[in-house]
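Encoded as structure tokens, the structure appears first; notes follow it.
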Amino acid sequence: MASRANGVIRGYPHLGTVRAAITALYRRLSPDGVLSYTSSVPPADAAFGDGDDLHLGAQRVARVLVEHLRLPQARMIVSFREMEHAASVELTAGPEYFIELNNRFRGHRRDIGAALAHEITHVLLHRLDLSFPGTRDNEILTDTATTYLGAGWLLLDAFRESRLTSQKLGYLTPEEFGYVLAKRALVFGEDPSVWFTSPQAYTAYTKGRALALRDVRQPPLAAAGWTARNRYARDRRHAAERGGRVPEPGRARPGSGGTAGAGDGGDSGYAFETGADGLRVSFPCPTCQQRIRVPVRGRVRARCGLCRSVLE
């Protein structure tokens, strides 16, 4: 569910695509590849003062982002013009890529890094041959990759609201940016909240973080809360009685521990099935969202085959 305030869509309308994008990143880059992005872009490196030369400053920030995103021999040529969208990039074989920024960034220089981060990630995904079908889903993939690989906090920090105006960059909602940023923080042990200059960005991050923490507390994970564990035990009993027949993953019947309250993005996604070795449960890995299947036989330890996370 999603809501709209001051023209800005809020909530988690793209959550399924966001989670699929995280899975796609781990599949394409490998766990070691993802973990090589150990540090996010430092605020000082992306800072852009009003006294800085517009074009030289934009080129400097672009070089920082190219280096951060591991794009060797990729030179970004940045220009400004009147255009409908915030920015665009010409995707070619390289080594030079031409990025155009909306003229409004001439007067909003502190957000140039955010716009460049999204466009340069387009170049990275182009080189990785990683894309989703359809413009909307591909842009969501780009925002998710930008954030999960350590540059997207700039996009969330560009979200600002006042009584009269609002501004947001990117295709994810503020809360979805907060969710992906929190997923990254849980893997890398970061605290991105100290980097925000926008109070609205901080609030969106805390909401997204609450949902990210819920991912690691969903049954059948041992960290699930008492109420969720009771629902899971009831579903497990019903599944055993019905030969493993349960709703599709992520579309559980009301009260079964599936979709949570409207608009909060919660979704346990576990499902039961019967195999040769008895009842099994499948559920999304809380780190990479790849589905994991384990036998239903009490407490077990499982290792995700994609991101290698060890789960109780």
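Within each chain, counting starts at residue 1; across the structure tokens, chains are named A, B, ... in the order shown, with ligands numbered 1 upward in that order.
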| Could you write out, as a list in words, all the residues of range 45-84 of chain A that DSSP marks as strand (DSSP E or B)? | Arg75, Met76, Ile77, Val78, Ser79, Phe80 and Arg81 of chain A
Writer output for current selection, N, CA, C and O atoms, as a PDB file, in the first residue's frame:
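Output file out.pdb follows:
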ATOM      1  N   ARG A  75      34.979   7.347 -17.767  1.00  0.00           N
ATOM      2  CA  ARG A  75      35.060   8.791 -17.599  1.00  0.00           C
ATOM      3  C   ARG A  75      33.681   9.399 -17.815  1.00  0.00           C
ATOM      4  O   ARG A  75      33.036   9.150 -18.829  1.00  0.00           O
ATOM      5  N   MET A  76      33.221  10.192 -16.848  1.00  0.00           N
ATOM      6  CA  MET A  76      31.911  10.814 -16.916  1.00  0.00           C
ATOM      7  C   MET A  76      32.050  12.271 -17.353  1.00  0.00           C
ATOM      8  O   MET A  76      32.791  13.042 -16.738  1.00  0.00           O
ATOM      9  N   ILE A  77      31.341  12.628 -18.398  1.00  0.00           N
ATOM     10  CA  ILE A  77      31.302  14.013 -18.867  1.00  0.00           C
ATOM     11  C   ILE A  77      29.962  14.594 -18.424  1.00  0.00           C
ATOM     12  O   ILE A  77      28.898  14.148 -18.877  1.00  0.00           O
ATOM     13  N   VAL A  78      29.980  15.569 -17.523  1.00  0.00           N
ATOM     14  CA  VAL A  78      28.767  16.098 -16.914  1.00  0.00           C
ATOM     15  C   VAL A  78      28.438  17.459 -17.513  1.00  0.00           C
ATOM     16  O   VAL A  78      29.304  18.336 -17.593  1.00  0.00           O
ATOM     17  N   SER A  79      27.186  17.622 -17.936  1.00  0.00           N
ATOM     18  CA  SER A  79      26.719  18.911 -18.451  1.00  0.00           C
ATOM     19  C   SER A  79      25.343  19.215 -17.854  1.00  0.00           C
ATOM     20  O   SER A  79      24.714  18.349 -17.236  1.00  0.00           O
ATOM     21  N   PHE A  80      24.877  20.431 -18.076  1.00  0.00           N
ATOM     22  CA  PHE A  80      23.598  20.876 -17.532  1.00  0.00           C
ATOM     23  C   PHE A  80      22.742  21.441 -18.665  1.00  0.00           C
ATOM     24  O   PHE A  80      23.251  22.137 -19.553  1.00  0.00           O
ATOM     25  N   ARG A  81      21.443  21.164 -18.625  1.00  0.00           N
ATOM     26  CA  ARG A  81      20.532  21.727 -19.616  1.00  0.00           C
ATOM     27  C   ARG A  81      19.105  21.666 -19.091  1.00  0.00           C
ATOM     28  O   ARG A  81      18.816  20.969 -18.102  1.00  0.00           O
TER      29      ARG A  81
END
| task | Please provide the set of residues having any atom within 7 Å of range 206-216 of chain A, restricted to only C-alpha atoms, with same-chain residues fewer than 5 positions apart removed, written as a ChimeraX atom specification. | result | /A:175-176,178-179,182-183,223,266,286
Excluding Val294 in chain A and residues on its chain fewer than 2 positions from it, collect all residues at most 8 Å away from it, counting only C-alpha atoms, and give them as a PDB file with N, CA and C atoms, in the first residue's frame.
ATOM      1  N   ARG A 280       8.306 -29.596   4.848  1.00  0.00           N
ATOM      2  CA  ARG A 280       9.373 -28.608   4.737  1.00  0.00           C
ATOM      3  C   ARG A 280       8.760 -27.218   4.736  1.00  0.00           C
ATOM      4  N   VAL A 281       9.562 -26.237   5.137  1.00  0.00           N
ATOM      5  CA  VAL A 281       9.113 -24.849   5.109  1.00  0.00           C
ATOM      6  C   VAL A 281      10.097 -24.041   4.264  1.00  0.00           C
ATOM      7  N   SER A 282       9.567 -23.171   3.430  1.00  0.00           N
ATOM      8  CA  SER A 282      10.406 -22.265   2.656  1.00  0.00           C
ATOM      9  C   SER A 282      10.126 -20.842   3.100  1.00  0.00           C
ATOM     10  N   ILE A 292      14.769 -20.046   0.970  1.00  0.00           N
ATOM     11  CA  ILE A 292      15.485 -21.139   1.622  1.00  0.00           C
ATOM     12  C   ILE A 292      14.458 -22.194   2.007  1.00  0.00           C
ATOM     13  N   VAL A 296      10.990 -29.349   8.526  1.00  0.00           N
ATOM     14  CA  VAL A 296      10.326 -28.919   9.759  1.00  0.00           C
ATOM     15  C   VAL A 296      10.575 -29.990  10.812  1.00  0.00           C
ATOM     16  N   ALA A 302      20.616 -23.126   9.270  1.00  0.00           N
ATOM     17  CA  ALA A 302      20.642 -23.195   7.809  1.00  0.00           C
ATOM     18  C   ALA A 302      21.569 -22.124   7.257  1.00  0.00           C
TER      19      ALA A 302
END
If we count only C-alpha atoms and set the cut-off at 10 Å, which residues sit around Leu101 in chain A, ignoring sequence neighbours fewer than 4 positions away in its own chain? Please answer as an mmCIF file with all heavy atoms, in the first residue's frame.
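Below is the file around12.cif, written as the result:
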data_model
loop_
_atom_site.group_PDB
_atom_site.id
_atom_site.type_symbol
_atom_site.label_atom_id
_atom_site.label_comp_id
_atom_site.auth_asym_id
_atom_site.auth_seq_id
_atom_site.Cartn_x
_atom_site.Cartn_y
_atom_site.Cartn_z
ATOM 1 N N ALA A 58 31.206 19.203 -10.224
ATOM 2 C CA ALA A 58 30.438 18.054 -10.687
ATOM 3 C C ALA A 58 31.365 16.947 -11.171
ATOM 4 O O ALA A 58 31.127 15.756 -10.902
ATOM 5 C CB ALA A 58 29.482 18.478 -11.801
ATOM 6 N N VAL A 78 29.980 15.569 -17.523
ATOM 7 C CA VAL A 78 28.767 16.098 -16.914
ATOM 8 C C VAL A 78 28.438 17.459 -17.513
ATOM 9 O O VAL A 78 29.304 18.336 -17.593
ATOM 10 C CB VAL A 78 28.918 16.217 -15.385
ATOM 11 C CG1 VAL A 78 27.608 16.683 -14.756
ATOM 12 C CG2 VAL A 78 29.356 14.876 -14.782
ATOM 13 N N SER A 79 27.186 17.622 -17.936
ATOM 14 C CA SER A 79 26.719 18.911 -18.451
ATOM 15 C C SER A 79 25.343 19.215 -17.854
ATOM 16 O O SER A 79 24.714 18.349 -17.236
ATOM 17 C CB SER A 79 26.662 18.899 -19.977
ATOM 18 O OG SER A 79 25.737 17.926 -20.435
ATOM 19 N N PHE A 80 24.877 20.431 -18.076
ATOM 20 C CA PHE A 80 23.598 20.876 -17.532
ATOM 21 C C PHE A 80 22.742 21.441 -18.665
ATOM 22 O O PHE A 80 23.251 22.137 -19.553
ATOM 23 C CB PHE A 80 23.816 21.958 -16.468
ATOM 24 C CG PHE A 80 24.595 21.490 -15.276
ATOM 25 C CD1 PHE A 80 25.984 21.387 -15.320
ATOM 26 C CD2 PHE A 80 23.951 21.145 -14.102
ATOM 27 C CE1 PHE A 80 26.701 20.961 -14.228
ATOM 28 C CE2 PHE A 80 24.662 20.704 -13.000
ATOM 29 C CZ PHE A 80 26.044 20.612 -13.065
ATOM 30 N N ARG A 81 21.443 21.164 -18.625
ATOM 31 C CA ARG A 81 20.532 21.727 -19.616
ATOM 32 C C ARG A 81 19.105 21.666 -19.091
ATOM 33 O O ARG A 81 18.816 20.969 -18.102
ATOM 34 C CB ARG A 81 20.631 20.978 -20.944
ATOM 35 C CG ARG A 81 20.075 19.572 -20.932
ATOM 36 C CD ARG A 81 20.068 18.970 -22.323
ATOM 37 N NE ARG A 81 19.589 17.600 -22.352
ATOM 38 C CZ ARG A 81 18.307 17.257 -22.492
ATOM 39 N NH1 ARG A 81 17.363 18.199 -22.560
ATOM 40 N NH2 ARG A 81 17.946 15.987 -22.532
ATOM 41 N N GLU A 82 18.193 22.368 -19.753
ATOM 42 C CA GLU A 82 16.777 22.273 -19.434
ATOM 43 C C GLU A 82 16.263 20.905 -19.875
ATOM 44 O O GLU A 82 16.483 20.482 -21.009
ATOM 45 C CB GLU A 82 15.996 23.374 -20.152
ATOM 46 C CG GLU A 82 16.271 24.779 -19.618
ATOM 47 C CD GLU A 82 15.735 24.986 -18.218
ATOM 48 O OE1 GLU A 82 14.834 24.211 -17.807
ATOM 49 O OE2 GLU A 82 16.212 25.910 -17.525
ATOM 50 N N MET A 83 15.589 20.208 -18.970
ATOM 51 C CA MET A 83 15.061 18.891 -19.296
ATOM 52 C C MET A 83 13.931 18.561 -18.340
ATOM 53 O O MET A 83 13.785 19.182 -17.275
ATOM 54 C CB MET A 83 16.172 17.826 -19.222
ATOM 55 C CG MET A 83 16.903 17.770 -17.897
ATOM 56 S SD MET A 83 18.445 16.812 -17.940
ATOM 57 C CE MET A 83 17.895 15.233 -18.538
ATOM 58 N N HIS A 85 13.305 15.524 -16.806
ATOM 59 C CA HIS A 85 13.714 14.683 -15.691
ATOM 60 C C HIS A 85 14.903 15.299 -14.962
ATOM 61 O O HIS A 85 15.492 16.286 -15.412
ATOM 62 C CB HIS A 85 14.058 13.286 -16.188
ATOM 63 C CG HIS A 85 12.916 12.607 -16.902
ATOM 64 N ND1 HIS A 85 11.781 12.203 -16.244
ATOM 65 C CD2 HIS A 85 12.737 12.283 -18.208
ATOM 66 C CE1 HIS A 85 10.951 11.641 -17.105
ATOM 67 N NE2 HIS A 85 11.503 11.675 -18.314
ATOM 68 N N ALA A 86 15.248 14.679 -13.838
ATOM 69 C CA ALA A 86 16.359 15.207 -13.043
ATOM 70 C C ALA A 86 17.691 15.033 -13.756
ATOM 71 O O ALA A 86 18.559 15.911 -13.681
ATOM 72 C CB ALA A 86 16.400 14.519 -11.678
ATOM 73 N N ALA A 87 17.862 13.911 -14.454
ATOM 74 C CA ALA A 87 19.146 13.630 -15.094
ATOM 75 C C ALA A 87 18.981 12.503 -16.099
ATOM 76 O O ALA A 87 17.968 11.789 -16.110
ATOM 77 C CB ALA A 87 20.190 13.258 -14.043
ATOM 78 N N SER A 88 19.992 12.312 -16.918
ATOM 79 C CA SER A 88 20.010 11.199 -17.860
ATOM 80 C C SER A 88 21.457 10.862 -18.177
ATOM 81 O O SER A 88 22.358 11.685 -18.002
ATOM 82 C CB SER A 88 19.256 11.544 -19.151
ATOM 83 O OG SER A 88 19.925 12.570 -19.854
ATOM 84 N N VAL A 89 21.671 9.626 -18.634
ATOM 85 C CA VAL A 89 23.007 9.193 -19.019
ATOM 86 C C VAL A 89 22.922 8.447 -20.333
ATOM 87 O O VAL A 89 21.951 7.734 -20.601
ATOM 88 C CB VAL A 89 23.648 8.298 -17.933
ATOM 89 C CG1 VAL A 89 22.846 7.026 -17.737
ATOM 90 C CG2 VAL A 89 25.104 7.965 -18.277
ATOM 91 N N PHE A 105 19.767 22.012 -10.899
ATOM 92 C CA PHE A 105 20.857 21.670 -9.988
ATOM 93 C C PHE A 105 21.917 22.769 -9.921
ATOM 94 O O PHE A 105 22.764 22.741 -9.017
ATOM 95 C CB PHE A 105 21.494 20.343 -10.393
ATOM 96 C CG PHE A 105 20.634 19.148 -10.098
ATOM 97 C CD1 PHE A 105 20.034 18.434 -11.126
ATOM 98 C CD2 PHE A 105 20.408 18.745 -8.787
ATOM 99 C CE1 PHE A 105 19.237 17.345 -10.861
ATOM 100 C CE2 PHE A 105 19.607 17.654 -8.509
ATOM 101 C CZ PHE A 105 19.010 16.951 -9.547
ATOM 102 N N ARG A 106 21.868 23.697 -10.839
ATOM 103 C CA ARG A 106 22.765 24.851 -10.722
ATOM 104 C C ARG A 106 22.499 25.606 -9.422
ATOM 105 O O ARG A 106 23.427 26.178 -8.836
ATOM 106 C CB ARG A 106 22.578 25.783 -11.918
ATOM 107 C CG ARG A 106 23.017 25.211 -13.262
ATOM 108 C CD ARG A 106 22.710 26.173 -14.392
ATOM 109 N NE ARG A 106 23.103 25.649 -15.695
ATOM 110 C CZ ARG A 106 24.310 25.844 -16.236
ATOM 111 N NH1 ARG A 106 25.224 26.562 -15.596
ATOM 112 N NH2 ARG A 106 24.598 25.339 -17.424
ATOM 113 N N ILE A 112 23.632 17.459 -6.276
ATOM 114 C CA ILE A 112 24.271 16.963 -7.502
ATOM 115 C C ILE A 112 24.827 15.556 -7.288
ATOM 116 O O ILE A 112 24.717 14.690 -8.164
ATOM 117 C CB ILE A 112 25.367 17.937 -7.973
ATOM 118 C CG1 ILE A 112 24.723 19.182 -8.605
ATOM 119 C CG2 ILE A 112 26.320 17.276 -8.967
ATOM 120 C CD1 ILE A 112 25.703 20.251 -9.045
ATOM 121 N N ALA A 115 22.026 12.948 -7.711
ATOM 122 C CA ALA A 115 21.649 12.710 -9.107
ATOM 123 C C ALA A 115 22.732 11.923 -9.838
ATOM 124 O O ALA A 115 22.435 11.000 -10.618
ATOM 125 C CB ALA A 115 21.393 14.047 -9.805
ATOM 126 N N LEU A 116 23.993 12.260 -9.597
ATOM 127 C CA LEU A 116 25.084 11.550 -10.251
ATOM 128 C C LEU A 116 25.163 10.097 -9.789
ATOM 129 O O LEU A 116 25.474 9.197 -10.587
ATOM 130 C CB LEU A 116 26.409 12.255 -9.971
ATOM 131 C CG LEU A 116 26.628 13.595 -10.676
ATOM 132 C CD1 LEU A 116 27.921 14.242 -10.190
ATOM 133 C CD2 LEU A 116 26.665 13.420 -12.197
ATOM 134 N N GLU A 119 22.735 7.992 -11.830
ATOM 135 C CA GLU A 119 23.112 7.841 -13.240
ATOM 136 C C GLU A 119 24.364 6.978 -13.405
ATOM 137 O O GLU A 119 24.466 6.175 -14.345
ATOM 138 C CB GLU A 119 23.327 9.215 -13.877
ATOM 139 C CG GLU A 119 22.107 10.123 -13.847
ATOM 140 C CD GLU A 119 20.871 9.470 -14.435
ATOM 141 O OE1 GLU A 119 20.990 8.719 -15.426
ATOM 142 O OE2 GLU A 119 19.770 9.695 -13.891
#
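Look at range 37-41 of chain A: the protein and nucleic acid residues within 10 Å of it, using only C-alpha atoms and passing over chain neighbours fewer than 5 places away, are Asp32, Ala46, Val64, Leu65, Glu67, His68, Leu69, Arg70, Ala117, Thr147, Tyr148, Leu149, Gly150, Ala151, Gly152, Trp153, Leu154, Arg184, Ala185, Val187, Phe188, Gly189, Glu190 and Pro192 of chain A.
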| query | Contacts of Arg19 in chain A at 10 Å or less, counting only C-alpha atoms, minus same-chain residues fewer than 4 places along, as JSON, numbers by chain? | reply | {"A": [14, 15, 23, 24, 141, 144, 180, 284, 286, 287, 288, 289, 290]}
| message | Using Å and a single decimal, report how far CA of Gly170 in chain A sits from CA of Glu139 in chain A. | response |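 Taking CA of Glu139 in chain A and CA of Gly170 in chain A, their separation equals 8.1 Å.
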| said: Can you pull out every residue from range 171-230 of chain A that DSSP, working from the backbone, puts in helix (DSSP H, G or I), and format the result as a ChimeraX atom specification? | reply: /A:174-188,192-195,199-215,226-230
| task | Between A:Asp111, A:Glu312, A:Asp53, A:Asp129, single out the one closest to Leu156 in chain A, counting only C-alpha atoms. | result |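 So, comparing all the options, the nearest one is A:Asp111.
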| message | Let me make sure I understand: among A:Ile140, A:Val194, A:Cys304, A:Val310, which one has the smallest atom-to-atom distance to Ala222 in chain A if we use only C-alpha atoms? | response |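 Under the stated criterion, the closest residue is A:Val310.
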